[in-house]
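Peer 1: One structure is given below, represented as structure tokens, and several questions about it will come after.
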Amino acid sequence: MKLAIIKVTIRRFIAKYFSNLVYIIYWIRFQVLDFNKNPPVVILTPGKVGSSSVYNTLKEKLKSHNIFHSHYLSREGIKRARKIHLNSDRKSIPLHLIKSKLLLEK
């Protein structure tokens, strides 16, 4: 159990203080994706509905596909969610919002 807490603490630290670096890393990763050859599978749901289970199962079974999990795919939705997260106690942008923004741009 302690290891899980340490992992969460590290992820939150990185999200809070290195979100720009994380964005750049994922931006680079998205540049090499070819959605014409390998169209993305996007799981778009509201939060807290169990969609992570669907995402993890598909990711495990369809290893050659680009699979994304998102709660927002509009500029306004992403912008609003970013603001909410930055004003929360964590003061960080979750990875799913970074990926949502990049997916929208792609």
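Note on naming: chains are A, B, ... as they come in the structure tokens, residues start from 1 per chain, ligands start from 1 in the order shown.
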Mind checking DSSP for chain A and telling me the helix (DSSP H, G or I) residues as a PyMOL selection string?
Peer 2: chain A and resi 2-17+19-31+51-61+75-86+95-105
Peer 1: Would you kindly return, as a PDB file with N, CA, C and O atoms, in the first residue's frame, each protein, DNA or RNA residue with an atom no farther than 9 Å from any atom of Phe13 in chain A, considering only C-alpha atoms and excluding same-chain residues fewer than 5 positions away?
Peer 2:
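After the write, result00.pdb holds the following:
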ATOM      1  N   VAL A   8       1.488   7.814  -6.301  1.00  0.00           N
ATOM      2  CA  VAL A   8       0.520   8.902  -6.452  1.00  0.00           C
ATOM      3  C   VAL A   8       1.167  10.231  -6.082  1.00  0.00           C
ATOM      4  O   VAL A   8       0.984  11.239  -6.773  1.00  0.00           O
ATOM      5  N   PHE A  18       5.786  20.163 -13.200  1.00  0.00           N
ATOM      6  CA  PHE A  18       6.400  19.885 -14.493  1.00  0.00           C
ATOM      7  C   PHE A  18       5.373  19.660 -15.601  1.00  0.00           C
ATOM      8  O   PHE A  18       5.647  18.943 -16.563  1.00  0.00           O
ATOM      9  N   SER A  92      -2.975  21.449 -10.270  1.00  0.00           N
ATOM     10  CA  SER A  92      -2.253  20.838 -11.384  1.00  0.00           C
ATOM     11  C   SER A  92      -3.230  20.416 -12.480  1.00  0.00           C
ATOM     12  O   SER A  92      -4.432  20.320 -12.259  1.00  0.00           O
TER      13      SER A  92
END
Peer 1: Could you state the separation of CA of Lys63 in chain A and CA of Ile14 in chain A in Å, given to one decimal place?
Peer 2: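 Pair CA of Lys63 in chain A / CA of Ile14 in chain A returns 26.5 Å.
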Peer 1: Pick out the residues sitting within 10 Å of Tyr26 in chain A, and hand them over as a list in words; count only C-alpha atoms, and ignore anything fewer than 6 positions along from it in its own chain.
Peer 2: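 Skipping anything fewer than 6 positions along the chain leaves Asn20, Leu95, Ile98, Lys99 and Leu102 of chain A.
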Peer 1: Store the residues picked out above in a file with C-alpha atoms, as a short mmCIF file (atom, residue, chain, number, x, y, z; two decimals), in the first residue's frame.
Peer 2:
data_model
loop_
_atom_site.label_atom_id
_atom_site.label_comp_id
_atom_site.auth_asym_id
_atom_site.auth_seq_id
_atom_site.Cartn_x
_atom_site.Cartn_y
_atom_site.Cartn_z
CA ASN A 20 4.85 22.03 -19.28
CA LEU A 95 -2.65 14.02 -17.83
CA ILE A 98 -3.07 17.29 -21.67
CA LYS A 99 -3.87 14.33 -23.92
CA LEU A 102 -3.28 17.25 -28.04
#
Peer 1: Can you pull out every residue within 9 Å of range 33-48 of chain A, counting only C-alpha atoms, but drop anything in the same chain fewer than 5 positions away, and send it as a PyMOL selection string?
Peer 2: chain A and resi 54-55+64-73+106
Peer 1: Hey, can you spit out that residue selection with C-alpha atoms as a compact mmCIF listing (two decimals), in the first residue's frame?
Peer 2:
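Output below, filename result.txt:
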# COMPACT_ATOMS: atom_id res chain seq x y z
CA VAL A 54 -13.06 0.05 -20.52
CA TYR A 55 -9.94 2.05 -21.44
CA SER A 64 -1.52 -1.87 -32.01
CA HIS A 65 -4.22 0.82 -31.78
CA ASN A 66 -4.08 4.41 -30.57
CA ILE A 67 -6.48 4.35 -27.64
CA PHE A 68 -7.35 7.50 -25.72
CA HIS A 69 -9.50 8.17 -22.69
CA SER A 70 -10.99 11.61 -22.35
CA HIS A 71 -13.73 13.51 -20.58
CA TYR A 72 -13.50 16.61 -22.81
CA LEU A 73 -12.92 17.09 -26.52
CA LYS A 106 -4.24 16.44 -33.95
Peer 1: Which neighbours of Gly77 in chain A fall inside 10 Å, counting only C-alpha atoms, when residues of the same chain fewer than 5 positions from it are skipped, and could you give them as a PDB file with N, CA and C atoms, in the first residue's frame?
Peer 2:
ATOM      1  N   HIS A  71     -12.448  13.028 -21.081  1.00  0.00           N
ATOM      2  CA  HIS A  71     -13.727  13.509 -20.581  1.00  0.00           C
ATOM      3  C   HIS A  71     -14.154  14.774 -21.333  1.00  0.00           C
ATOM      4  N   TYR A  72     -13.222  15.364 -22.079  1.00  0.00           N
ATOM      5  CA  TYR A  72     -13.504  16.611 -22.805  1.00  0.00           C
ATOM      6  C   TYR A  72     -12.816  16.563 -24.162  1.00  0.00           C
ATOM      7  N   ARG A  82      -9.429  22.746 -17.202  1.00  0.00           N
ATOM      8  CA  ARG A  82      -8.091  23.183 -16.778  1.00  0.00           C
ATOM      9  C   ARG A  82      -8.198  24.211 -15.651  1.00  0.00           C
ATOM     10  N   LYS A  83      -9.096  25.164 -15.837  1.00  0.00           N
ATOM     11  CA  LYS A  83      -9.279  26.219 -14.835  1.00  0.00           C
ATOM     12  C   LYS A  83      -9.728  25.621 -13.495  1.00  0.00           C
ATOM     13  N   LEU A  97      -6.222  15.698 -19.435  1.00  0.00           N
ATOM     14  CA  LEU A  97      -6.506  16.985 -20.088  1.00  0.00           C
ATOM     15  C   LEU A  97      -5.412  17.368 -21.074  1.00  0.00           C
ATOM     16  N   SER A 100      -6.140  15.243 -24.002  1.00  0.00           N
ATOM     17  CA  SER A 100      -7.344  15.725 -24.685  1.00  0.00           C
ATOM     18  C   SER A 100      -7.021  16.908 -25.582  1.00  0.00           C
ATOM     19  N   LYS A 101      -6.228  17.837 -25.062  1.00  0.00           N
ATOM     20  CA  LYS A 101      -5.844  19.020 -25.853  1.00  0.00           C
ATOM     21  C   LYS A 101      -5.044  18.605 -27.091  1.00  0.00           C
TER      22      LYS A 101
END
Peer 1: Run DSSP on the backbone and tell me which residues of chain A come out as strand (DSSP E); list them as a PyMOL selection string.
Peer 2: chain A and resi 40-44+66-70
Peer 1: Save out the residues we just selected, N, CA and C atoms, as a tab-separated table (two decimals), in the first residue's frame.
Peer 2:
chain	number	residue	atom	x	y	z
A	40	PRO	N	-7.57	6.62	-34.30
A	40	PRO	CA	-7.65	6.50	-32.85
A	40	PRO	C	-8.99	5.92	-32.39
A	41	VAL	N	-8.94	5.25	-31.26
A	41	VAL	CA	-10.15	4.83	-30.57
A	41	VAL	C	-10.25	5.76	-29.37
A	42	VAL	N	-11.33	6.52	-29.29
A	42	VAL	CA	-11.48	7.51	-28.23
A	42	VAL	C	-12.64	7.09	-27.32
A	43	ILE	N	-12.34	6.93	-26.06
A	43	ILE	CA	-13.37	6.66	-25.06
A	43	ILE	C	-13.69	8.01	-24.43
A	44	LEU	N	-14.84	8.53	-24.77
A	44	LEU	CA	-15.25	9.86	-24.32
A	44	LEU	C	-16.47	9.71	-23.41
A	66	ASN	N	-4.20	3.19	-31.37
A	66	ASN	CA	-4.08	4.41	-30.57
A	66	ASN	C	-5.37	4.55	-29.77
A	67	ILE	N	-5.29	4.30	-28.48
A	67	ILE	CA	-6.48	4.35	-27.64
A	67	ILE	C	-6.33	5.50	-26.64
A	68	PHE	N	-7.37	6.33	-26.59
A	68	PHE	CA	-7.35	7.50	-25.72
A	68	PHE	C	-8.58	7.51	-24.84
A	69	HIS	N	-8.41	8.04	-23.66
A	69	HIS	CA	-9.50	8.17	-22.69
A	69	HIS	C	-9.63	9.64	-22.35
A	70	SER	N	-10.81	10.18	-22.56
A	70	SER	CA	-10.99	11.61	-22.35
A	70	SER	C	-12.36	11.91	-21.77
Peer 1: Report, in Å to a single decimal, how far apart CA of Ile93 in chain A and CA of Arg80 in chain A are.
Peer 2: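 These two atoms are separated by 11.5 Å.
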Peer 1: Near Arg90 in chain A, counting only C-alpha atoms, which residues have an atom at most 10 Å away, once you skip same-chain residues fewer than 2 positions from it, shown as a ChimeraX atom specification?
Peer 2: /A:12-13,15-16,85-88,92-94
Peer 1: Using only C-alpha atoms, find the one residue out of A:Phe30, A:Leu58, A:Ile10, A:Ser51 that sits nearest to Leu103 in chain A.
Peer 2: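 Using only C-alpha atoms, Leu103 in chain A sits closest to A:Phe30.
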Peer 1: To one decimal in Å, tell me the separation between CA of Val32 in chain A and CA of Ser74 in chain A.
Peer 2: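 Computing the Euclidean distance for CA of Val32 in chain A and CA of Ser74 in chain A yields 22.5 Å.
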